[in-house]
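K.L.:
Pasting a structure below so you can have a look.
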Amino acid sequence: MARTATMRPTTYDFDAVEQKWQRRWEEQDLYRVAEDPSKPKYYCLEMFPYPSGKLHMGHVRNYSIGDVVARYKRMRGFNVLHPMGWDAFGLPAENAAIQHNIHPSPWTWDNIDNMRRQLKRLGISYDWSREVASCHPDYYRWTQWLFLQFFKAGLAYKKRSPVNWCPNCATVLANEQVVQGRCERCDTPVTTRELEQWFFRITQYADRLLEDLDNLPGWPEKVKIMQRNWIGKSHGVEIRFPIKGMDEVLPVFTTRADTIYGATYMVVAPEHPLVPRLIADSPDRAAIERFIEDVRRQDEIARTAEEGEKLGMFTGSYCVNPFTGEDIPIWIGNYVLMGYGTGAIMAVPAHDQRDLDFARRYGLPVRVVIAPKDGPMPDAATMTEAFVDDGIMVNSGPYDGLANREGLERIADEVERRGIGQRRVQYRLRDWLISRQRYWGCPIPIVYCGQCGIVPVPEDQLPVLLPEDVAFKPTGQSPLVEKEEFVNTTCPHCGGAARRETDTMDTFVDSSWYFLRFCDPHNKNEAFARDKVDYWMPVDQYIGGVEHAILHLMYARFFQMVLADLGLVTAERPFERLLTQGMVLKDGAKMSKSKGNTVDPDAIVRKYGADTARLFILFAAPPERDLEWSDAGVEGAYRFLNRVWRLVGDLVEELGPLPAGQAAPGQDAAAEDLRRMVHRTVQRVTQDIEERFHFNTAISAIMELVNAFYLYKESGGPRDRAVVAEGLEKLVLLLAPFAPHLAEELWEMLGRSGSVHEQPWPAYDPEAVQADTVEIVVQVNGRVRDRLWVARDASEEEVRAAALAMPKVQEHIGGRPVARVVVVPGRLVNVVVAG
RNA sequence: GCCGGAGUGGCGGAAAGGCAGACGCGGGCGACUUAAAAUCGCCUGGGCAAUCCCGUGCGGGUUCGAGUCCCGCCUCCGGCACCA
């Protein structure tokens, strides 16, 4: 249009705009919050990052999603806590120390500085005054304090336990550091060693952690299922088999007590404590011991190789099947795990595939004791697939003919009546091993005294500081071990010479309570004040990657439960709602340095600005789905923002200052159409955010509104100032959570004062959303044949009559009798004819 | 092997039993321009055209009506993986 300005550029200076508003937010402390009992609170949290040095697109996505939620809830009148911090202990810092000869501490803090700068440049609405870093003594002091509370409650204990050991690096490896049974650093095959390790007694909470999943309707079903499987509760029977010629019993755990008549041999784990006595009289003792040593060494490789071979040896001992009275041989097998059940099983090859494989390899007898309800009886001599379904009991003495599930209960009853065992529940979940033979972690606050034994460091002596002046040598050993000033100490109890624990804690411990520290981050006297935590907790919306579905999310739930039991917090559950975002892909694969398909957020922000980067990521896919990166798509988001900027600029320039507030119905049809579109868009965007977190469709609705606005503007017809003013105001408010900088700029262009992020979320008028007439689809036999415009409140009869009167409808009816007419008010008519 | 999730235009994706493909990308055409870019419009699943027909991984079913619900498969992605 000639009368719209001609001198204005077609793109806005995103760099100037974004920096201007970021500066203003910071000056005004816009996102700083404090407890305010007069307002409803909302705690929005994204998983805090490990400070690797640079943000990747997964981070940008995570924090963009969280920022939409935080900004939206703020506009909805909530007192929103939206903090950020650093999961700053961990192995990469130590690897960098060894490789680049730089101490983990400055390496980490430099990384934090850079990532903080990146986050600020993205304009995420964090309350930066609450920033925490788990590697700071002000933080880990309280991690240590929490450890002591666990210790006092009997939930932290020490025991000997097998660990992954790299003989080349001479150190312990975490499970994650073992790749295909080899050391991730030097590729040496990993072996097993026994070490004294600290554990948290999470198994004591197994049942509650399981049950409480039912109280988390706001969590994805997928995550809850993964946790259920991880906890792995199963009901079974422990049965003690007398060992022949020994005053000793062999307890086994089985979920299939109904198959006990088919038990033809026993298998114990190589580490089973009875093994030395079982093999004492065997002529093959030396060979067996060699075999056990082999299994132990190959354990990790065999376990990670697909379908590890089942190997074993006969111990020379027998036990007695308490139901058949038969002698059955006891074997040692690599497929029986010491850590589950009793470390021993009764093998029923006919009804368990693993037992069958083992039996076939070593020629052990197979006996079918469950017959299929229909279909042929498996042939014990030739079967290669175990029959594991339910059926009818056979070859089972007095239990023959019973349904096996019924028989299972009867046999369990009999076991208990005879006092040779009892029903029990078994979990797959193990206690949480928290000891790490690492430097860059939270020191475990324990000293060992020759006189007093294990002595916790008194709370008033915390923190146990991590010494900074240590040398990193590529020995793989924690430098703490050789740091005499650290190791040598005095016993807090008797004052005698003592040694410090040199292990540090698993970093998952640090991240199991950070959401509590965010509630009270500067507290010098406590980990957190009860009233502050009780005001903010639980986290209303937690957002992060699905890779934390099991460990982090389970450990955090465990911590919160324990702390509630200890009376330190009120909320029993840390995270009310959970959103697991999808991955960011490029060319169909996850972005990774090794694949060379990464996109640098800094480069995108430099080229297009933060608003564009955020808008693209939110628009390209719904949050839970994987997102395919597209440079052209980013370009599209950039174009859209410029389009909005031009729209607002042109109309303001054309019409001058615009009045605030709600518009009356439009002065003509075009204005009324636009007004309806404005209100419909407010309704759609609100529903998409509120009910489904479908930000992609929310943004597409805003795009449609902008398109409608352009049609109105370009038509050159008369302007309805009130409708335009209201429309632009609502448009800018709707855009605020998605493109926070541009929204501020446009708000200012509209001549409005105050931050757009402090305005209330726009409302829609339900009357304005409704059109007077609606289009009805007319179908004949389910196929669309025509359309029909009727009054909004037309009766079913009127619609039916109007539809039947249409020529095209009559044509397709073709004189056949009308069997039925389905009328869906406001939507469609379906005329059903025979044939 | 077990447990999840997903298969829709050239691409990312819409559609919570009711017009399949909203919105965006890509492509085409037009306006503006000396020209190009930018911008503003219009068109864009396939069948050469159609008012007709076909189309949401495959095969069945329920329904007036199915991308959506049910049964049986196939493919891809993710998690667990000798848990007795």
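The way I read the labels, and the way they are meant: chains A, B, ... in the order of the structure tokens, residue 1 as the first residue of every chain, and ligand 1 as the first ligand shown, with later ones counted on from there.
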Which residues of chain B sit at most 10 Å from chain A, using only C-alpha atoms (C1' of nucleotides)? Give each one's shortest atom pair and distance in Å (one decimal place), in chain and ascending residue order, as CSV.

P.N.:
```
residue,atom,partner,partner_atom,distance
B:G1,C1',A:Glu307,CA,9.6
B:C3,C1',A:Met226,CA,7.9
B:G4,C1',A:Lys222,CA,6.0
B:G5,C1',A:Lys222,CA,8.6
B:A6,C1',A:Arg625,CA,9.4
B:C11,C1',A:Ser630,CA,9.4
B:G12,C1',A:Ala620,CA,6.0
B:G13,C1',A:Ala621,CA,6.8
B:A14,C1',A:Thr697,CA,7.7
B:G18,C1',A:Leu828,CA,6.8
B:C19,C1',A:Val777,CA,6.4
B:A22,C1',A:Ser700,CA,8.1
B:C23,C1',A:Ser700,CA,4.5
B:G24,C1',A:Gly636,CA,6.8
B:C25,C1',A:Gly633,CA,5.7
B:G26,C1',A:Ala632,CA,8.7
B:A38,C1',A:Thr10,CA,7.4
B:U39,C1',A:Thr10,CA,7.5
B:C40,C1',A:Glu714,CA,7.9
B:G41,C1',A:Glu714,CA,9.1
B:U51,C1',A:Lys808,CA,9.1
B:C64,C1',A:Val832,CA,6.0
B:G65,C1',A:Gly782,CA,5.3
B:G78,C1',A:Val546,CA,9.5
B:G79,C1',A:Met226,CA,7.4
B:C80,C1',A:Asn229,CA,7.9
B:A81,C1',A:Glu306,CA,9.1
B:C82,C1',A:Tyr335,CA,5.2
B:C83,C1',A:Arg428,CA,5.9
B:A84,C1',A:Thr254,CA,5.7
```

K.L.:
Output as a PyMOL selection string all residues of stretch 499-689 of chain A that backbone DSSP marks as alpha helix (DSSP H).

P.N.:
chain A and resi 507-510+514-517+530-536+551-565+601-608+610-619+631-655+669-687

K.L.:
For stretch 393-410 of chain A, please output as a ChimeraX atom specification all residues within 7 Å (counting only C-alpha atoms (C1' of nucleotides); exclusion window: fewer than 3 positions along the same chain).

P.N.:
/A:256-258,261,369-371,390,413-414

K.L.:
Would you put the residues from that selection into a file with N, CA and C atoms, as a CSV table (one decimal), in the first residue's frame?

P.N.:
```csv
chain,number,residue,atom,x,y,z
A,256,ARG,N,8.1,-70.2,40.1
A,256,ARG,CA,7.4,-71.3,39.5
A,256,ARG,C,7.5,-72.6,40.4
A,257,ALA,N,7.0,-72.4,41.6
A,257,ALA,CA,7.1,-73.6,42.5
A,257,ALA,C,6.2,-74.7,42.0
A,258,ASP,N,5.3,-74.4,41.1
A,258,ASP,CA,4.5,-75.5,40.5
A,258,ASP,C,5.3,-76.5,39.7
A,261,TYR,N,8.4,-80.6,40.6
A,261,TYR,CA,8.6,-82.0,40.3
A,261,TYR,C,9.4,-82.2,39.0
A,369,VAL,N,6.5,-81.4,33.3
A,369,VAL,CA,5.5,-81.5,34.5
A,369,VAL,C,4.3,-80.6,34.3
A,370,ILE,N,4.3,-79.8,33.2
A,370,ILE,CA,3.1,-79.0,32.9
A,370,ILE,C,2.7,-79.3,31.4
A,371,ALA,N,1.5,-79.8,31.2
A,371,ALA,CA,1.0,-80.1,29.9
A,371,ALA,C,0.2,-79.0,29.4
A,390,ASP,N,1.0,-71.4,30.9
A,390,ASP,CA,0.2,-72.2,31.9
A,390,ASP,C,-0.4,-73.4,31.3
A,413,ASP,N,1.8,-73.6,49.9
A,413,ASP,CA,1.2,-73.9,51.2
A,413,ASP,C,2.0,-75.1,51.9
A,414,GLU,N,2.2,-76.1,51.1
A,414,GLU,CA,2.9,-77.3,51.6
A,414,GLU,C,4.3,-77.0,52.1
```

K.L.:
Between atom C1' of B:C42 and atom CA of A:Leu674, what is the distance in Å, rounded to a tenth?

P.N.:
20.5 Å

K.L.:
Please indicate the distance in Å from atom CA of A:Arg438 to atom CA of A:Ile98, rounded to one decimal place.

P.N.:
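That distance, rounded to one decimal, is 12.7 Å.
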
K.L.:
For stretch 5-94 of chain A against stretch 733-742 of chain A, with a cut-off of 8 Å and counting only C-alpha atoms, what is the closest atom pair and its distance in Å to one decimal for every residue that makes the cut, ordered by chain and number, as CSV?

P.N.:
```
residue,atom,partner,partner_atom,distance
A:Phe14,CA,A:Leu742,CA,7.9
A:Val17,CA,A:His741,CA,6.7
A:Glu18,CA,A:His741,CA,5.4
A:Trp21,CA,A:His741,CA,6.2
A:Gln22,CA,A:His741,CA,7.7
A:Asp67,CA,A:Pro737,CA,7.1
A:Val68,CA,A:Pro737,CA,4.8
A:Val69,CA,A:Pro737,CA,7.6
A:Arg71,CA,A:Pro737,CA,5.3
A:Tyr72,CA,A:Pro737,CA,5.9
```

K.L.:
Just to be explicit: take each residue in the selection above, keep all heavy atoms, and write the result as a compact mmCIF listing (two decimals), in the first residue's frame.

P.N.:
```txt
# COMPACT_ATOMS: atom_id res chain seq x y z
N PHE A 14 17.39 -7.82 15.15
CA PHE A 14 17.14 -8.71 16.30
C PHE A 14 18.22 -8.58 17.36
O PHE A 14 17.95 -8.72 18.55
CB PHE A 14 17.00 -10.17 15.84
CG PHE A 14 18.18 -10.70 15.08
CD1 PHE A 14 19.29 -11.16 15.76
CD2 PHE A 14 18.17 -10.75 13.69
CE1 PHE A 14 20.38 -11.65 15.08
CE2 PHE A 14 19.27 -11.24 13.00
CZ PHE A 14 20.37 -11.69 13.70
N VAL A 17 17.47 -5.46 19.40
CA VAL A 17 16.23 -5.67 20.16
C VAL A 17 16.46 -6.63 21.32
O VAL A 17 16.08 -6.37 22.46
CB VAL A 17 15.11 -6.20 19.23
CG1 VAL A 17 13.94 -6.74 20.04
CG2 VAL A 17 14.65 -5.10 18.29
N GLU A 18 17.13 -7.74 21.04
CA GLU A 18 17.28 -8.75 22.09
C GLU A 18 18.20 -8.26 23.20
O GLU A 18 17.93 -8.49 24.39
CB GLU A 18 17.76 -10.07 21.46
CG GLU A 18 16.66 -10.65 20.56
CD GLU A 18 16.99 -11.98 19.91
OE1 GLU A 18 18.13 -12.46 20.03
OE2 GLU A 18 16.08 -12.53 19.27
N TRP A 21 16.36 -5.65 25.49
CA TRP A 21 15.41 -6.18 26.47
C TRP A 21 16.08 -7.05 27.52
O TRP A 21 15.67 -7.06 28.68
CB TRP A 21 14.26 -6.91 25.76
CG TRP A 21 13.43 -5.90 25.02
CD1 TRP A 21 13.42 -5.65 23.68
CD2 TRP A 21 12.56 -4.93 25.62
NE1 TRP A 21 12.59 -4.61 23.39
CE2 TRP A 21 12.04 -4.13 24.55
CE3 TRP A 21 12.16 -4.63 26.92
CZ2 TRP A 21 11.14 -3.09 24.76
CZ3 TRP A 21 11.26 -3.60 27.13
CH2 TRP A 21 10.77 -2.83 26.06
N GLN A 22 17.11 -7.77 27.09
CA GLN A 22 17.83 -8.57 28.09
C GLN A 22 18.45 -7.66 29.14
O GLN A 22 18.44 -7.98 30.33
CB GLN A 22 18.91 -9.42 27.40
CG GLN A 22 18.32 -10.65 26.73
CD GLN A 22 19.27 -11.33 25.79
OE1 GLN A 22 20.47 -11.09 25.80
NE2 GLN A 22 18.72 -12.21 24.95
N ASP A 67 10.79 -22.37 29.30
CA ASP A 67 10.57 -20.94 29.37
C ASP A 67 9.16 -20.56 28.92
O ASP A 67 8.57 -19.62 29.45
CB ASP A 67 11.61 -20.19 28.52
CG ASP A 67 11.79 -18.75 28.98
OD1 ASP A 67 11.74 -18.52 30.21
OD2 ASP A 67 11.98 -17.86 28.15
N VAL A 68 8.63 -21.30 27.95
CA VAL A 68 7.24 -21.04 27.55
C VAL A 68 6.32 -21.29 28.74
O VAL A 68 5.44 -20.48 29.06
CB VAL A 68 6.83 -21.94 26.37
CG1 VAL A 68 5.32 -21.81 26.10
CG2 VAL A 68 7.61 -21.57 25.12
N VAL A 69 6.55 -22.41 29.42
CA VAL A 69 5.71 -22.75 30.57
C VAL A 69 5.83 -21.67 31.64
O VAL A 69 4.83 -21.17 32.17
CB VAL A 69 6.11 -24.13 31.14
CG1 VAL A 69 5.33 -24.43 32.41
CG2 VAL A 69 5.89 -25.22 30.10
N ARG A 71 6.87 -18.51 31.47
CA ARG A 71 6.32 -17.20 31.09
C ARG A 71 4.80 -17.24 31.02
O ARG A 71 4.12 -16.28 31.42
CB ARG A 71 6.90 -16.75 29.74
CG ARG A 71 8.37 -16.36 29.82
CD ARG A 71 8.90 -15.88 28.48
NE ARG A 71 10.33 -15.66 28.49
CZ ARG A 71 10.92 -14.54 28.93
NH1 ARG A 71 10.19 -13.54 29.37
NH2 ARG A 71 12.23 -14.43 28.92
N TYR A 72 4.28 -18.33 30.50
CA TYR A 72 2.82 -18.45 30.42
C TYR A 72 2.20 -18.43 31.82
O TYR A 72 1.24 -17.71 32.09
CB TYR A 72 2.44 -19.73 29.68
CG TYR A 72 0.96 -20.05 29.75
CD1 TYR A 72 0.06 -19.34 28.96
CD2 TYR A 72 0.47 -21.03 30.60
CE1 TYR A 72 -1.30 -19.60 29.04
CE2 TYR A 72 -0.87 -21.29 30.69
CZ TYR A 72 -1.77 -20.58 29.90
OH TYR A 72 -3.12 -20.84 29.97
```

K.L.:
Calculate how many Å separate atom CA of A:Gly656 from atom CA of A:Met677, rounding to one decimal.

P.N.:
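Computing the Euclidean distance for atom CA of A:Gly656 and atom CA of A:Met677 yields 22.8 Å.
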
K.L.:
For B:C70, work out the shell of residues within 12 Å, counting only C-alpha atoms (C1' of nucleotides) and skipping chain neighbours fewer than 4 positions away, then give it as a list in words.

P.N.:
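Counting only C-alpha atoms (C1' of nucleotides), the residues come to G60, G61, U62, U63 and A66 of chain B.
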
K.L.:
A:Pro283: which residues within 12 Å, counting only C-alpha atoms (C1' of nucleotides), same-chain residues fewer than 6 positions away excluded, as number ranges by chain?

P.N.:
A: 289, 314-317

K.L.:
Between A:Arg577, A:His522, A:Lys473, A:Arg117, which has the minimum distance to A:Glu46 (counting only C-alpha atoms)?

P.N.:
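Counting only C-alpha atoms, the residue closest to A:Glu46 is A:Arg577.
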
K.L.:
Pick the closest to A:Asp565 from A:Arg76, A:Lys483, A:Arg208, A:Lys607: which is it, counting only C-alpha atoms?

P.N.:
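The closest residue to A:Asp565 is A:Arg208.
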
K.L.:
At a cut-off of 12 Å, using only C-alpha atoms (C1' of nucleotides), what residues contact A:Asp113? Leave out same-chain residues fewer than 2 positions from it and give the result as number ranges by chain.

P.N.:
A: 51-55, 85-86, 106-111, 115-120, 131, 133

K.L.:
Using only C-alpha atoms (C1' of nucleotides), which residues sit within 8 Å of A:Ala93 once same-chain residues fewer than 3 positions away are excluded, as a PyMOL selection string?

P.N.:
chain A and resi 89-90+96-97+103-105+107-108+440

K.L.:
Can you write out the residues you just picked, keeping N, CA, C and O atoms, as a PDB file, in the first residue's frame?

P.N.:
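Once everything was written out, this is selection11.pdb:
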```
ATOM      1  N   PHE A  89      29.892 -31.653  39.184  1.00  0.00           N
ATOM      2  CA  PHE A  89      30.900 -32.682  39.422  1.00  0.00           C
ATOM      3  C   PHE A  89      30.783 -33.731  38.325  1.00  0.00           C
ATOM      4  O   PHE A  89      29.706 -33.923  37.764  1.00  0.00           O
ATOM      5  N   GLY A  90      31.883 -34.421  38.072  1.00  0.00           N
ATOM      6  CA  GLY A  90      31.763 -35.503  37.111  1.00  0.00           C
ATOM      7  C   GLY A  90      33.039 -35.771  36.343  1.00  0.00           C
ATOM      8  O   GLY A  90      33.994 -34.994  36.363  1.00  0.00           O
ATOM      9  N   ALA A  96      39.524 -34.118  31.152  1.00  0.00           N
ATOM     10  CA  ALA A  96      40.130 -32.900  30.610  1.00  0.00           C
ATOM     11  C   ALA A  96      41.397 -32.567  31.378  1.00  0.00           C
ATOM     12  O   ALA A  96      42.397 -32.132  30.802  1.00  0.00           O
ATOM     13  N   ALA A  97      41.360 -32.798  32.687  1.00  0.00           N
ATOM     14  CA  ALA A  97      42.518 -32.504  33.512  1.00  0.00           C
ATOM     15  C   ALA A  97      43.707 -33.347  33.072  1.00  0.00           C
ATOM     16  O   ALA A  97      44.819 -32.842  32.962  1.00  0.00           O
ATOM     17  N   HIS A 103      43.341 -28.131  35.698  1.00  0.00           N
ATOM     18  CA  HIS A 103      42.647 -28.638  36.873  1.00  0.00           C
ATOM     19  C   HIS A 103      41.132 -28.652  36.642  1.00  0.00           C
ATOM     20  O   HIS A 103      40.591 -27.747  36.006  1.00  0.00           O
ATOM     21  N   PRO A 104      40.439 -29.661  37.151  1.00  0.00           N
ATOM     22  CA  PRO A 104      38.990 -29.742  36.923  1.00  0.00           C
ATOM     23  C   PRO A 104      38.225 -28.501  37.368  1.00  0.00           C
ATOM     24  O   PRO A 104      37.209 -28.142  36.759  1.00  0.00           O
ATOM     25  N   SER A 105      38.712 -27.853  38.408  1.00  0.00           N
ATOM     26  CA  SER A 105      37.947 -26.733  38.937  1.00  0.00           C
ATOM     27  C   SER A 105      37.870 -25.548  37.966  1.00  0.00           C
ATOM     28  O   SER A 105      36.775 -25.131  37.583  1.00  0.00           O
ATOM     29  N   TRP A 107      38.510 -25.528  34.853  1.00  0.00           N
ATOM     30  CA  TRP A 107      37.883 -26.040  33.624  1.00  0.00           C
ATOM     31  C   TRP A 107      36.373 -25.957  33.770  1.00  0.00           C
ATOM     32  O   TRP A 107      35.656 -25.460  32.904  1.00  0.00           O
ATOM     33  N   THR A 108      35.866 -26.423  34.913  1.00  0.00           N
ATOM     34  CA  THR A 108      34.426 -26.433  35.147  1.00  0.00           C
ATOM     35  C   THR A 108      33.855 -25.023  35.242  1.00  0.00           C
ATOM     36  O   THR A 108      32.834 -24.706  34.631  1.00  0.00           O
ATOM     37  N   TRP A 440      36.936 -35.651  41.256  1.00  0.00           N
ATOM     38  CA  TRP A 440      36.036 -34.511  41.052  1.00  0.00           C
ATOM     39  C   TRP A 440      34.589 -34.896  41.404  1.00  0.00           C
ATOM     40  O   TRP A 440      33.746 -35.143  40.530  1.00  0.00           O
TER      41      TRP A 440
END
```
